[in-house]
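Student: Take this structure, written in structure tokens, and hold onto it; I'll ask about it next.
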Amino acid sequence: MNNEWPLWEVFIRGQHGMSHRHVGSLHATDAEMAIKNARDVYTRRNEGVSIWVVEAVNITASSPSDKGPMYEPSESKVYRHPTFFDIPDEVGAM
Amino acid sequence: MTQQEALFQFLLRMGDNTLILGHRTSEWCGVAPVLEEDIALANTALDFIGQTQFWLGYAGEVEGKGQDADRLAFHRDAWDFRNLLLCEMPIGDFGQTIMRQFLFDAWHSIYIARLLKSSDPRVSEIAEKASKEVAYHLERSAETVVALGDGTEESHSRMQKALDYLYPYVGEMFLADDVDAAMVSAGIAPDPTALRDEYDALVQKVLDEATLTVPGNRFAQKGGKNGAMHTEHLGHLLCSMQWLQRVYPDGNW
């Protein structure tokens, strides 16, 4: 029998952030406990206003060995970047 | 006893509860069973120490002898402490720590809620600040009591053992004396005896869910909040908590 608690990935939306950001992982017996542990481990310095947790086994990740076919084709396509526009200051962070 | 002396005693009781339990909780720092609990317990300990600074800081002002919170925390001897005996009991195993935390949090949440309406604005301000921390402490300790009580055979038996061991220290929370009477008549704090039913209902609900049995015997150990007789455990705690200030008085960094 595996006595380890399941692993959870923690995502936190900061006070001024625009989206949840991955901050780390932790162990917990269930989702509710994971939220509480995330509160205690990752928001001690007032980092967050919202927490998401997801069990790590539920994350499907891309394979590092597919790196070439997955990402290289986009490297040479500079025209896909919107760097040719002037962004007015009032727009703020994009 | 003057009103000022009574208020001083009342503030010592509040501050010593959080100081002593905060120190006890901090004993888990670095040695808790899992990293997440280690940090959670350290957070709880820090919440308590923060509350202590307010209670004992105000106590020193009321006393008017130039003692600040640090002086009161580190330069008094065991017989001058006014914490509930429950707070000074050893941490035991993790189950005993969590059970004590829950038995205290349940009382603390009820008591602090009354202090929000205190006629003394300083008291209600401190209560207001503490109330959010206290609510979180209770939520966390109650859930952990249920998880462990209604967990494995071993965790259940450890939690029942912890409850049986600590229950005689619950009754002291509801004993009233001259200090309480003075606080009640001034509208500063509630009558402790009037809080027992609410406490019993809260505790019973959680312990039922945890499949634990509340001991029938209501014998109460007492002597902490009035300082008449602390347990043998307090002196040892003070030794480790106070030694630096005793060896190097007023040292700081």
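By order of appearance in the structure tokens: chains A, B, ..., then residues from 1 within every chain, and ligands from 1 in the order shown.
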Hey, what's within 6 Å of A:His27 if we count only C-alpha atoms and toss same-chain stuff fewer than 3 positions away? As JSON, numbers by chain, please?
Tutor: {"A": [5, 6, 7, 8]}
Student: Taking only C-alpha atoms into account, what are the residues of chain B at most 7 Å from chain A, put as a list in words?
Tutor: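 My answer is Glu36, Ile39 and Ala40 of chain B.
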Student: List as a PyMOL selection string the protein and nucleic acid residues near B:Arg100, meaning an atom at most 9 Å away when only C-alpha atoms are counted, but skip any in the same chain fewer than 6 places from it.
Tutor: chain B and resi 86-87+89+91+162-163+166-167
Student: May I have the selected residues written with N, CA and C atoms, as a PDB file, in the first residue's frame?
Tutor:
```pdb
ATOM      1  N   LEU B  86      -4.599  24.123  30.068  1.00  0.00           N
ATOM      2  CA  LEU B  86      -4.646  23.427  28.777  1.00  0.00           C
ATOM      3  C   LEU B  86      -3.509  23.870  27.852  1.00  0.00           C
ATOM      4  N   CYS B  87      -3.211  25.178  27.883  1.00  0.00           N
ATOM      5  CA  CYS B  87      -2.217  25.728  26.957  1.00  0.00           C
ATOM      6  C   CYS B  87      -0.799  25.251  27.253  1.00  0.00           C
ATOM      7  N   MET B  89       0.082  22.281  28.573  1.00  0.00           N
ATOM      8  CA  MET B  89       0.303  20.831  28.509  1.00  0.00           C
ATOM      9  C   MET B  89       1.278  20.515  27.376  1.00  0.00           C
ATOM     10  N   ILE B  91       3.207  18.915  24.097  1.00  0.00           N
ATOM     11  CA  ILE B  91       2.649  18.692  22.768  1.00  0.00           C
ATOM     12  C   ILE B  91       2.299  17.220  22.543  1.00  0.00           C
ATOM     13  N   ALA B 162      -5.904  11.164  23.383  1.00  0.00           N
ATOM     14  CA  ALA B 162      -5.586  12.584  23.568  1.00  0.00           C
ATOM     15  C   ALA B 162      -6.778  13.318  24.192  1.00  0.00           C
ATOM     16  N   LEU B 163      -7.974  12.989  23.711  1.00  0.00           N
ATOM     17  CA  LEU B 163      -9.177  13.633  24.243  1.00  0.00           C
ATOM     18  C   LEU B 163      -9.364  13.290  25.719  1.00  0.00           C
ATOM     19  N   LEU B 166      -6.779  15.235  27.769  1.00  0.00           N
ATOM     20  CA  LEU B 166      -6.898  16.702  27.825  1.00  0.00           C
ATOM     21  C   LEU B 166      -8.228  17.191  28.389  1.00  0.00           C
ATOM     22  N   TYR B 167      -9.245  16.330  28.367  1.00  0.00           N
ATOM     23  CA  TYR B 167     -10.576  16.820  28.725  1.00  0.00           C
ATOM     24  C   TYR B 167     -10.672  17.417  30.132  1.00  0.00           C
TER      25      TYR B 167
END
```
Student: Please identify which residues in chain A DSSP calls helix (DSSP H, G or I) from the backbone, and express them as JSON, numbers by chain.
Tutor: {"A": [31, 32, 33, 34, 35, 36, 37, 38, 39, 40, 41, 42, 56, 57, 58, 64, 65, 66, 67, 68, 69, 70, 71, 72, 73, 74, 75, 78, 79, 80, 89, 90, 91]}
Student: Could those selected residues go to a file with N, CA and C atoms, as an mmCIF file, in the first residue's frame?
Tutor:
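Once written, result.cif looks like this:
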```cif
data_model
loop_
_atom_site.group_PDB
_atom_site.id
_atom_site.type_symbol
_atom_site.label_atom_id
_atom_site.label_comp_id
_atom_site.auth_asym_id
_atom_site.auth_seq_id
_atom_site.Cartn_x
_atom_site.Cartn_y
_atom_site.Cartn_z
ATOM 1 N N ALA A 31 -8.736 17.460 -2.020
ATOM 2 C CA ALA A 31 -8.656 18.799 -2.617
ATOM 3 C C ALA A 31 -8.795 19.902 -1.570
ATOM 4 N N GLU A 32 -9.705 19.694 -0.617
ATOM 5 C CA GLU A 32 -9.917 20.728 0.398
ATOM 6 C C GLU A 32 -8.674 20.949 1.258
ATOM 7 N N MET A 33 -8.062 19.825 1.627
ATOM 8 C CA MET A 33 -6.842 19.924 2.424
ATOM 9 C C MET A 33 -5.722 20.546 1.584
ATOM 10 N N ALA A 34 -5.729 20.264 0.286
ATOM 11 C CA ALA A 34 -4.707 20.842 -0.597
ATOM 12 C C ALA A 34 -4.840 22.365 -0.637
ATOM 13 N N ILE A 35 -6.079 22.848 -0.658
ATOM 14 C CA ILE A 35 -6.303 24.299 -0.662
ATOM 15 C C ILE A 35 -5.764 24.904 0.636
ATOM 16 N N LYS A 36 -6.078 24.241 1.750
ATOM 17 C CA LYS A 36 -5.624 24.768 3.044
ATOM 18 C C LYS A 36 -4.100 24.750 3.129
ATOM 19 N N ASN A 37 -3.513 23.630 2.691
ATOM 20 C CA ASN A 37 -2.053 23.548 2.732
ATOM 21 C C ASN A 37 -1.430 24.596 1.812
ATOM 22 N N ALA A 38 -2.064 24.817 0.677
ATOM 23 C CA ALA A 38 -1.541 25.821 -0.256
ATOM 24 C C ALA A 38 -1.598 27.196 0.389
ATOM 25 N N ARG A 39 -2.676 27.444 1.119
ATOM 26 C CA ARG A 39 -2.809 28.719 1.821
ATOM 27 C C ARG A 39 -1.653 28.901 2.799
ATOM 28 N N ASP A 40 -1.343 27.800 3.513
ATOM 29 C CA ASP A 40 -0.310 27.907 4.543
ATOM 30 C C ASP A 40 1.105 27.914 3.976
ATOM 31 N N VAL A 41 1.287 27.192 2.870
ATOM 32 C CA VAL A 41 2.650 27.073 2.346
ATOM 33 C C VAL A 41 2.988 28.206 1.366
ATOM 34 N N TYR A 42 1.999 28.608 0.558
ATOM 35 C CA TYR A 42 2.321 29.514 -0.543
ATOM 36 C C TYR A 42 1.735 30.928 -0.437
ATOM 37 N N ALA A 56 -1.745 16.226 -9.408
ATOM 38 C CA ALA A 56 -0.691 16.181 -10.437
ATOM 39 C C ALA A 56 -0.946 15.089 -11.484
ATOM 40 N N VAL A 57 -1.570 13.972 -11.068
ATOM 41 C CA VAL A 57 -1.802 12.883 -12.031
ATOM 42 C C VAL A 57 -2.767 13.305 -13.139
ATOM 43 N N ASN A 58 -3.538 14.364 -12.886
ATOM 44 C CA ASN A 58 -4.510 14.798 -13.883
ATOM 45 C C ASN A 58 -3.927 15.749 -14.923
ATOM 46 N N PRO A 64 9.279 15.778 -23.493
ATOM 47 C CA PRO A 64 10.506 16.506 -23.861
ATOM 48 C C PRO A 64 11.119 15.992 -25.171
ATOM 49 N N SER A 65 10.938 14.697 -25.462
ATOM 50 C CA SER A 65 11.561 14.147 -26.673
ATOM 51 C C SER A 65 10.875 14.654 -27.945
ATOM 52 N N ASP A 66 9.681 15.222 -27.790
ATOM 53 C CA ASP A 66 8.972 15.773 -28.951
ATOM 54 C C ASP A 66 9.364 17.224 -29.208
ATOM 55 N N LYS A 67 10.333 17.703 -28.445
ATOM 56 C CA LYS A 67 10.689 19.117 -28.509
ATOM 57 C C LYS A 67 10.864 19.643 -29.929
ATOM 58 N N GLY A 68 11.598 18.899 -30.738
ATOM 59 C CA GLY A 68 11.877 19.332 -32.106
ATOM 60 C C GLY A 68 10.607 19.609 -32.908
ATOM 61 N N PRO A 69 9.851 18.556 -33.197
ATOM 62 C CA PRO A 69 8.636 18.740 -33.997
ATOM 63 C C PRO A 69 7.627 19.698 -33.354
ATOM 64 N N MET A 70 7.584 19.728 -32.007
ATOM 65 C CA MET A 70 6.577 20.551 -31.330
ATOM 66 C C MET A 70 6.881 22.043 -31.457
ATOM 67 N N TYR A 71 8.148 22.419 -31.236
ATOM 68 C CA TYR A 71 8.416 23.854 -31.061
ATOM 69 C C TYR A 71 9.295 24.495 -32.130
ATOM 70 N N GLU A 72 10.169 23.710 -32.729
ATOM 71 C CA GLU A 72 11.089 24.329 -33.672
ATOM 72 C C GLU A 72 10.407 24.995 -34.859
ATOM 73 N N PRO A 73 9.339 24.420 -35.401
ATOM 74 C CA PRO A 73 8.707 25.040 -36.570
ATOM 75 C C PRO A 73 8.302 26.498 -36.332
ATOM 76 N N SER A 74 8.041 26.877 -35.094
ATOM 77 C CA SER A 74 7.578 28.246 -34.843
ATOM 78 C C SER A 74 8.740 29.221 -34.674
ATOM 79 N N GLU A 75 9.957 28.652 -34.517
ATOM 80 C CA GLU A 75 11.107 29.521 -34.230
ATOM 81 C C GLU A 75 11.406 30.510 -35.347
ATOM 82 N N VAL A 78 8.961 34.678 -37.510
ATOM 83 C CA VAL A 78 9.003 35.930 -36.763
ATOM 84 C C VAL A 78 7.748 36.764 -36.992
ATOM 85 N N TYR A 79 7.128 36.593 -38.145
ATOM 86 C CA TYR A 79 5.945 37.398 -38.490
ATOM 87 C C TYR A 79 4.739 37.062 -37.626
ATOM 88 N N ARG A 80 4.855 36.010 -36.823
ATOM 89 C CA ARG A 80 3.736 35.684 -35.930
ATOM 90 C C ARG A 80 3.772 36.521 -34.646
ATOM 91 N N ASP A 89 1.171 53.617 -24.255
ATOM 92 C CA ASP A 89 1.458 53.412 -22.828
ATOM 93 C C ASP A 89 0.220 53.101 -22.005
ATOM 94 N N GLU A 90 -0.905 53.752 -22.368
ATOM 95 C CA GLU A 90 -2.122 53.588 -21.561
ATOM 96 C C GLU A 90 -2.619 52.148 -21.524
ATOM 97 N N VAL A 91 -2.208 51.362 -22.517
ATOM 98 C CA VAL A 91 -2.685 49.986 -22.569
ATOM 99 C C VAL A 91 -2.141 49.160 -21.395
#
```
Student: Work out how far atom CA of B:Leu238 is from atom CA of B:Arg158, in Å to one decimal.
Tutor: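 If I compute the distance from atom CA of B:Arg158 to atom CA of B:Leu238, I get 27.5 Å.
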Student: When you draw a straight line from atom CA of B:Tyr169 to atom CA of B:Phe219, how long is it in Å?
Tutor: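 Here the two named atoms are 8.5 Å from each other.
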Student: As a list of chain:residue names, please: the residues near A:Gly24 (cut-off 7 Å, only C-alpha atoms, same-chain neighbours under 2 positions excluded).
Tutor: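 In the requested form, the answer reads A:Glu9, A:Val10, A:His22.
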Student: Which parts of chain A does DSSP call strand (DSSP E or B) when run on the backbone here, written out as a PyMOL selection string?
Tutor: chain A and resi 7-14+21-27+48-55
Student: Would you please work out which residue, of B:Arg114, B:Arg76, B:Arg196, B:His108, is nearest to B:Met14 when using only C-alpha atoms?
Tutor: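 Of all the options, B:His108 lies closest to B:Met14.
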Student: Tell me, as a list in words, which residues lie within 8 Å of B:Ala42, counting only C-alpha atoms; anything in the same chain fewer than 3 positions away does not count.
Tutor: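 Selected residues are Thr25, Ser26, Trp28, Cys29, Asp38, Ile39, Ala45 and Leu46 of chain B.
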Student: Store the residues of this selection in a file with N, CA and C atoms, as a PDB file, in the first residue's frame.
Tutor:
```pdb
ATOM      1  N   THR B  25       3.164  25.366  20.258  1.00  0.00           N
ATOM      2  CA  THR B  25       2.966  25.034  18.844  1.00  0.00           C
ATOM      3  C   THR B  25       4.276  25.156  18.074  1.00  0.00           C
ATOM      4  N   SER B  26       5.090  26.146  18.463  1.00  0.00           N
ATOM      5  CA  SER B  26       6.355  26.359  17.748  1.00  0.00           C
ATOM      6  C   SER B  26       7.327  25.201  17.964  1.00  0.00           C
ATOM      7  N   TRP B  28       6.912  22.328  17.229  1.00  0.00           N
ATOM      8  CA  TRP B  28       6.846  21.410  16.080  1.00  0.00           C
ATOM      9  C   TRP B  28       7.691  21.885  14.909  1.00  0.00           C
ATOM     10  N   CYS B  29       8.185  23.104  15.001  1.00  0.00           N
ATOM     11  CA  CYS B  29       8.881  23.687  13.854  1.00  0.00           C
ATOM     12  C   CYS B  29      10.093  22.832  13.467  1.00  0.00           C
ATOM     13  N   ASP B  38       4.051  21.169   9.088  1.00  0.00           N
ATOM     14  CA  ASP B  38       5.118  21.903   9.764  1.00  0.00           C
ATOM     15  C   ASP B  38       4.908  23.403   9.559  1.00  0.00           C
ATOM     16  N   ILE B  39       4.679  23.784   8.307  1.00  0.00           N
ATOM     17  CA  ILE B  39       4.505  25.205   7.998  1.00  0.00           C
ATOM     18  C   ILE B  39       3.185  25.720   8.561  1.00  0.00           C
ATOM     19  N   ALA B  45       1.484  29.240  15.211  1.00  0.00           N
ATOM     20  CA  ALA B  45       2.297  29.733  16.330  1.00  0.00           C
ATOM     21  C   ALA B  45       2.558  31.228  16.165  1.00  0.00           C
ATOM     22  N   LEU B  46       2.879  31.635  14.945  1.00  0.00           N
ATOM     23  CA  LEU B  46       3.161  33.053  14.704  1.00  0.00           C
ATOM     24  C   LEU B  46       1.913  33.912  14.889  1.00  0.00           C
TER      25      LEU B  46
END
```
Student: I need the residue nearest A:Asn46 from this list: A:Ser25, A:Thr83, A:Gln15, A:Asn3. Use only C-alpha atoms for the distance.
Tutor: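 The closest residue to A:Asn46 is A:Gln15.
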Student: What is the atom CA of B:Met159 to atom CA of B:Phe94 distance in Å?
Tutor: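 Taking atom CA of B:Met159 and atom CA of B:Phe94, their separation equals 9.2 Å.
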